[in-house]
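Student: Below you'll find the structure I mean.
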Amino acid sequence: MISQIEFSLEPFKRGFHLITDEITSHIDIGSIEAGLLHVFIKHTSASLTINENADPTVRLDFESHFNRFVPEDAPYYKHDYEGSDDMPAHLKSSTLGSSVTIPITSGRLNLGTWQGIYLGEHRDRGGSRKLVVTVYY
Amino acid sequence: MISQIEFSLEPFKRGFHLITDEITSHIDIGSIEAGLLHVFIKHTSASLTINENADPTVRLDFESHFNRFVPEDAPYYKHDYEGSDDMPAHLKSSTLGSSVTIPITSGRLNLGTWQGIYLGEHRDRGGSRKLVVTVYY
Amino acid sequence: MISQIEFSLEPFKRGFHLITDEITSHIDIGSIEAGLLHVFIKHTSASLTINENADPTVRLDFESHFNRFVPEDAPYYKHDYEGSDDMPAHLKSSTLGSSVTIPITSGRLNLGTWQGIYLGEHRDRGGSRKLVVTVYY
């Protein structure tokens, strides 16, 4: 069995944001004994990843780390006409990934205690982002 | 329902290459209302990722970025007997990933307007690469 | 059809470790003609990835590379109270990923000849790690 829904997130500012609750609000998995949840982002300058859901400084450090190791205005970038934040956003998107897949067990996402789903918004003004959530069970 | 096919790509030169059309030419998803497509590469020195399908300079900048942040001949590499491009190829493969999973909706890959599937060919002469494509619906 | 199992790995020391056989020992896929295997790690300071299963120096070079490009004690880290190895572990976890998905074909994992599943243990003392393995076919 497969169910699928597409929806848009409100615009987030540049950085990393916890969106687990937003995603689960769109699906009903309470009666699924075993399955998988796939979340896909339909953009090349934002990303999805799983990381710590508690201390918000982890999300700040993600932004600092990826800004340093995927720099803006690198002298070798040829794709620069969409702004300084554009090419790094593409690189961050592929480094972190466009989708996450998470087990569903006994009616709940089977995440570890400290895991949550992050949106990586890599543009200065990325606007609203579209997600496709697919549940198979 | 699951369908699966394995095939080989023609050899690509080192760099990033758009292979969306090549992949969809091997599958028939026109009658699938909702499902998922999984593409897997059976190699440890090449990768699959999703990024911008329009301006080819994005693919050039991917190559430049990963060459700089996954250097050849790093003094601390111990695995060096397969050539300067070998150990970086392994590291790029894991940084970018060996597979992509994409939603299928109303008979089409539900990619964003600007998204395509990239092959990352990380060896100087990687030769033909084998892919396994699995569709579940 | 979906089957799912959760189990714990023995503690591994910091670094990269080949766990393909450990994973396949927990599942029975011999009668599956076509399917997918999903492995998920329930932690934010360890990772799963696919890479070379032969020469152990590849795993050593992975550790050296990610220690250099995801440094400890970076001056801009704000999340530092869990130890020098903690924030880099979160970043490595998201760079490499929390799950792998691998095709099953004719009763076997359809990996390339040289591919194996790596556990990335990014903490100095990460302890036992929980995995959820889901097979769908």
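Every chain in the structure tokens takes a letter, A first, then B, and so on in the order presented; its residues are numbered from 1, and the ligands are numbered from 1 following the presented order.
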For segment 28-39 of chain B, list every protein, DNA or RNA residue within 7 Å, evaluated using only C-alpha atoms, and leave out those in the same chain fewer than 5 positions away; present the list as a list in words.

Tutor: Ile2 and Gln4 of chain A; Ser99, Val100, Thr101, Ile102, Pro103, Ile104, Thr105, Ser106, Gly107, Arg108, Leu131, Val132, Val133, Thr134, Val135, Tyr136 and Tyr137 of chain B

Student: Least-squares superpose chain B on chain A across all ordered C-alpha pairs, then write out what you get as a PDB file with C-alpha atoms, in the first residue's frame.

Tutor:
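What follows is the written file superposed06.pdb:
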ATOM      1  CA  MET B   1      -0.025   0.005   0.005  1.00  0.00           C
ATOM      2  CA  ILE B   2       1.199   3.491  -0.850  1.00  0.00           C
ATOM      3  CA  SER B   3      -0.140   6.876   0.127  1.00  0.00           C
ATOM      4  CA  GLN B   4       1.349  10.140  -1.073  1.00  0.00           C
ATOM      5  CA  ILE B   5       0.810  13.827  -0.427  1.00  0.00           C
ATOM      6  CA  GLU B   6       2.421  17.013  -1.724  1.00  0.00           C
ATOM      7  CA  PHE B   7       2.392  20.281   0.214  1.00  0.00           C
ATOM      8  CA  SER B   8       4.343  23.504   0.666  1.00  0.00           C
ATOM      9  CA  LEU B   9       6.244  24.675   3.708  1.00  0.00           C
ATOM     10  CA  GLU B  10       5.988  28.252   4.884  1.00  0.00           C
ATOM     11  CA  PRO B  11       9.104  30.210   3.907  1.00  0.00           C
ATOM     12  CA  PHE B  12      12.038  29.665   6.278  1.00  0.00           C
ATOM     13  CA  LYS B  13      15.054  31.897   6.631  1.00  0.00           C
ATOM     14  CA  ARG B  14      18.477  30.654   5.593  1.00  0.00           C
ATOM     15  CA  GLY B  15      19.731  27.982   7.980  1.00  0.00           C
ATOM     16  CA  PHE B  16      18.616  24.642   9.397  1.00  0.00           C
ATOM     17  CA  HIS B  17      15.112  24.091  10.772  1.00  0.00           C
ATOM     18  CA  LEU B  18      13.372  21.245  12.553  1.00  0.00           C
ATOM     19  CA  ILE B  19      10.295  20.169  10.526  1.00  0.00           C
ATOM     20  CA  THR B  20       9.402  16.753  11.985  1.00  0.00           C
ATOM     21  CA  ASP B  21       6.065  17.876  13.436  1.00  0.00           C
ATOM     22  CA  GLU B  22       5.118  19.767  10.276  1.00  0.00           C
ATOM     23  CA  ILE B  23       5.670  16.591   8.243  1.00  0.00           C
ATOM     24  CA  THR B  24       3.808  14.244  10.576  1.00  0.00           C
ATOM     25  CA  SER B  25       0.863  16.665  10.694  1.00  0.00           C
ATOM     26  CA  HIS B  26       0.200  15.840   7.021  1.00  0.00           C
ATOM     27  CA  ILE B  27       0.056  12.045   7.353  1.00  0.00           C
ATOM     28  CA  ASP B  28      -1.841   9.430   9.295  1.00  0.00           C
ATOM     29  CA  ILE B  29       0.414   6.488  10.196  1.00  0.00           C
ATOM     30  CA  GLY B  30      -1.213   5.446  13.464  1.00  0.00           C
ATOM     31  CA  SER B  31      -2.468   2.124  12.123  1.00  0.00           C
ATOM     32  CA  ILE B  32       0.690   1.109  10.226  1.00  0.00           C
ATOM     33  CA  GLU B  33       2.506  -1.791  11.882  1.00  0.00           C
ATOM     34  CA  ALA B  34       5.645  -1.623   9.707  1.00  0.00           C
ATOM     35  CA  GLY B  35       6.485   0.646   6.809  1.00  0.00           C
ATOM     36  CA  LEU B  36       8.669   3.434   5.503  1.00  0.00           C
ATOM     37  CA  LEU B  37       8.250   7.174   5.153  1.00  0.00           C
ATOM     38  CA  HIS B  38       9.974   8.962   2.269  1.00  0.00           C
ATOM     39  CA  VAL B  39      10.206  12.763   2.248  1.00  0.00           C
ATOM     40  CA  PHE B  40      11.421  14.497  -0.913  1.00  0.00           C
ATOM     41  CA  ILE B  41      12.149  18.188  -1.516  1.00  0.00           C
ATOM     42  CA  LYS B  42      11.471  19.462  -5.042  1.00  0.00           C
ATOM     43  CA  HIS B  43      14.294  22.035  -5.075  1.00  0.00           C
ATOM     44  CA  THR B  44      18.017  22.125  -5.842  1.00  0.00           C
ATOM     45  CA  SER B  45      19.001  24.813  -3.324  1.00  0.00           C
ATOM     46  CA  ALA B  46      17.544  23.289  -0.164  1.00  0.00           C
ATOM     47  CA  SER B  47      18.033  19.901   1.512  1.00  0.00           C
ATOM     48  CA  LEU B  48      16.623  17.368   3.943  1.00  0.00           C
ATOM     49  CA  THR B  49      18.655  15.565   6.577  1.00  0.00           C
ATOM     50  CA  ILE B  50      18.225  13.952   9.998  1.00  0.00           C
ATOM     51  CA  ASN B  51      19.989  15.276  13.068  1.00  0.00           C
ATOM     52  CA  GLU B  52      19.669  16.377  16.693  1.00  0.00           C
ATOM     53  CA  ASN B  53      16.229  17.596  17.687  1.00  0.00           C
ATOM     54  CA  ALA B  54      17.091  19.188  21.041  1.00  0.00           C
ATOM     55  CA  ASP B  55      19.774  21.871  21.336  1.00  0.00           C
ATOM     56  CA  PRO B  56      19.214  24.603  18.693  1.00  0.00           C
ATOM     57  CA  THR B  57      22.942  25.436  18.683  1.00  0.00           C
ATOM     58  CA  VAL B  58      23.458  22.249  16.660  1.00  0.00           C
ATOM     59  CA  ARG B  59      21.456  23.836  13.820  1.00  0.00           C
ATOM     60  CA  LEU B  60      23.486  27.050  14.119  1.00  0.00           C
ATOM     61  CA  ASP B  61      26.729  25.087  13.914  1.00  0.00           C
ATOM     62  CA  PHE B  62      25.443  23.264  10.812  1.00  0.00           C
ATOM     63  CA  GLU B  63      25.001  26.639   9.125  1.00  0.00           C
ATOM     64  CA  SER B  64      28.488  27.798  10.179  1.00  0.00           C
ATOM     65  CA  HIS B  65      30.160  24.570   9.092  1.00  0.00           C
ATOM     66  CA  PHE B  66      28.598  24.371   5.657  1.00  0.00           C
ATOM     67  CA  ASN B  67      29.179  28.082   5.022  1.00  0.00           C
ATOM     68  CA  ARG B  68      32.869  27.504   5.613  1.00  0.00           C
ATOM     69  CA  PHE B  69      33.271  24.230   3.717  1.00  0.00           C
ATOM     70  CA  VAL B  70      30.990  25.241   0.823  1.00  0.00           C
ATOM     71  CA  PRO B  71      32.118  28.859   0.419  1.00  0.00           C
ATOM     72  CA  GLU B  72      30.395  31.694  -1.395  1.00  0.00           C
ATOM     73  CA  ASP B  73      32.169  33.443  -4.274  1.00  0.00           C
ATOM     74  CA  ALA B  74      34.825  30.759  -4.723  1.00  0.00           C
ATOM     75  CA  PRO B  75      37.114  32.001  -7.514  1.00  0.00           C
ATOM     76  CA  TYR B  76      36.505  28.842  -9.560  1.00  0.00           C
ATOM     77  CA  TYR B  77      32.679  29.101  -9.642  1.00  0.00           C
ATOM     78  CA  LYS B  78      31.346  29.713 -13.155  1.00  0.00           C
ATOM     79  CA  HIS B  79      27.657  29.649 -12.145  1.00  0.00           C
ATOM     80  CA  ASP B  80      27.452  33.015 -10.367  1.00  0.00           C
ATOM     81  CA  TYR B  81      24.711  35.069 -12.025  1.00  0.00           C
ATOM     82  CA  GLU B  82      21.975  34.027  -9.556  1.00  0.00           C
ATOM     83  CA  GLY B  83      23.809  35.538  -6.572  1.00  0.00           C
ATOM     84  CA  SER B  84      26.539  34.594  -4.126  1.00  0.00           C
ATOM     85  CA  ASP B  85      24.297  32.210  -2.237  1.00  0.00           C
ATOM     86  CA  ASP B  86      23.159  30.235  -5.298  1.00  0.00           C
ATOM     87  CA  MET B  87      26.032  27.927  -6.266  1.00  0.00           C
ATOM     88  CA  PRO B  88      26.844  27.053  -2.618  1.00  0.00           C
ATOM     89  CA  ALA B  89      23.142  26.222  -2.177  1.00  0.00           C
ATOM     90  CA  HIS B  90      23.330  23.683  -5.011  1.00  0.00           C
ATOM     91  CA  LEU B  91      26.437  22.089  -3.507  1.00  0.00           C
ATOM     92  CA  LYS B  92      24.959  21.930  -0.004  1.00  0.00           C
ATOM     93  CA  SER B  93      21.781  20.392  -1.428  1.00  0.00           C
ATOM     94  CA  SER B  94      23.714  17.491  -2.956  1.00  0.00           C
ATOM     95  CA  THR B  95      26.092  17.087  -0.006  1.00  0.00           C
ATOM     96  CA  LEU B  96      23.185  16.734   2.416  1.00  0.00           C
ATOM     97  CA  GLY B  97      20.617  15.181   0.083  1.00  0.00           C
ATOM     98  CA  SER B  98      17.145  15.764  -1.355  1.00  0.00           C
ATOM     99  CA  SER B  99      15.300  13.104   0.609  1.00  0.00           C
ATOM    100  CA  VAL B 100      15.175  11.115   3.826  1.00  0.00           C
ATOM    101  CA  THR B 101      13.680   7.660   4.378  1.00  0.00           C
ATOM    102  CA  ILE B 102      12.598   6.708   7.899  1.00  0.00           C
ATOM    103  CA  PRO B 103      11.109   3.463   9.229  1.00  0.00           C
ATOM    104  CA  ILE B 104       7.545   3.413  10.561  1.00  0.00           C
ATOM    105  CA  THR B 105       7.008   0.949  13.412  1.00  0.00           C
ATOM    106  CA  SER B 106       3.844   0.337  15.468  1.00  0.00           C
ATOM    107  CA  GLY B 107       2.133   3.467  14.209  1.00  0.00           C
ATOM    108  CA  ARG B 108       5.025   5.890  14.758  1.00  0.00           C
ATOM    109  CA  LEU B 109       8.130   7.181  13.023  1.00  0.00           C
ATOM    110  CA  ASN B 110      10.871   4.952  14.419  1.00  0.00           C
ATOM    111  CA  LEU B 111      13.393   7.730  14.996  1.00  0.00           C
ATOM    112  CA  GLY B 112      15.965   7.640  17.771  1.00  0.00           C
ATOM    113  CA  THR B 113      15.245   9.732  20.854  1.00  0.00           C
ATOM    114  CA  TRP B 114      17.344  12.634  19.628  1.00  0.00           C
ATOM    115  CA  GLN B 115      16.561  12.502  15.919  1.00  0.00           C
ATOM    116  CA  GLY B 116      14.472  14.988  13.969  1.00  0.00           C
ATOM    117  CA  ILE B 117      14.070  15.972  10.324  1.00  0.00           C
ATOM    118  CA  TYR B 118      15.924  19.133   9.277  1.00  0.00           C
ATOM    119  CA  LEU B 119      15.104  21.405   6.399  1.00  0.00           C
ATOM    120  CA  GLY B 120      18.328  22.946   5.118  1.00  0.00           C
ATOM    121  CA  GLU B 121      17.351  26.283   3.589  1.00  0.00           C
ATOM    122  CA  HIS B 122      20.443  27.325   1.673  1.00  0.00           C
ATOM    123  CA  ARG B 123      19.220  30.468  -0.122  1.00  0.00           C
ATOM    124  CA  ASP B 124      18.978  33.902   1.493  1.00  0.00           C
ATOM    125  CA  ARG B 125      15.373  34.135   0.314  1.00  0.00           C
ATOM    126  CA  GLY B 126      14.343  30.639  -0.722  1.00  0.00           C
ATOM    127  CA  GLY B 127      10.623  31.206  -0.360  1.00  0.00           C
ATOM    128  CA  SER B 128       8.122  28.416   0.097  1.00  0.00           C
ATOM    129  CA  ARG B 129       9.467  24.881  -0.524  1.00  0.00           C
ATOM    130  CA  LYS B 130       7.456  21.963  -1.894  1.00  0.00           C
ATOM    131  CA  LEU B 131       7.693  18.518  -0.304  1.00  0.00           C
ATOM    132  CA  VAL B 132       6.343  15.147  -1.474  1.00  0.00           C
ATOM    133  CA  VAL B 133       5.736  12.658   1.333  1.00  0.00           C
ATOM    134  CA  THR B 134       5.241   9.007   0.412  1.00  0.00           C
ATOM    135  CA  VAL B 135       4.258   6.330   2.929  1.00  0.00           C
ATOM    136  CA  TYR B 136       4.526   2.680   1.963  1.00  0.00           C
ATOM    137  CA  TYR B 137       3.432  -0.143   4.188  1.00  0.00           C
TER     138      TYR B 137
END

Student: Residues of segment 21-133 of chain C classed as strand (DSSP E) by DSSP on the backbone are to be reported as a ChimeraX atom specification.

Tutor: /C:34-41,46-52,99-105,108-109,115-121,130-133

Student: From a backbone DSSP assignment, name each residue in chain A labelled alpha helix (DSSP H), as a ChimeraX atom specification.

Tutor: /A:20-24,56-69,86-96
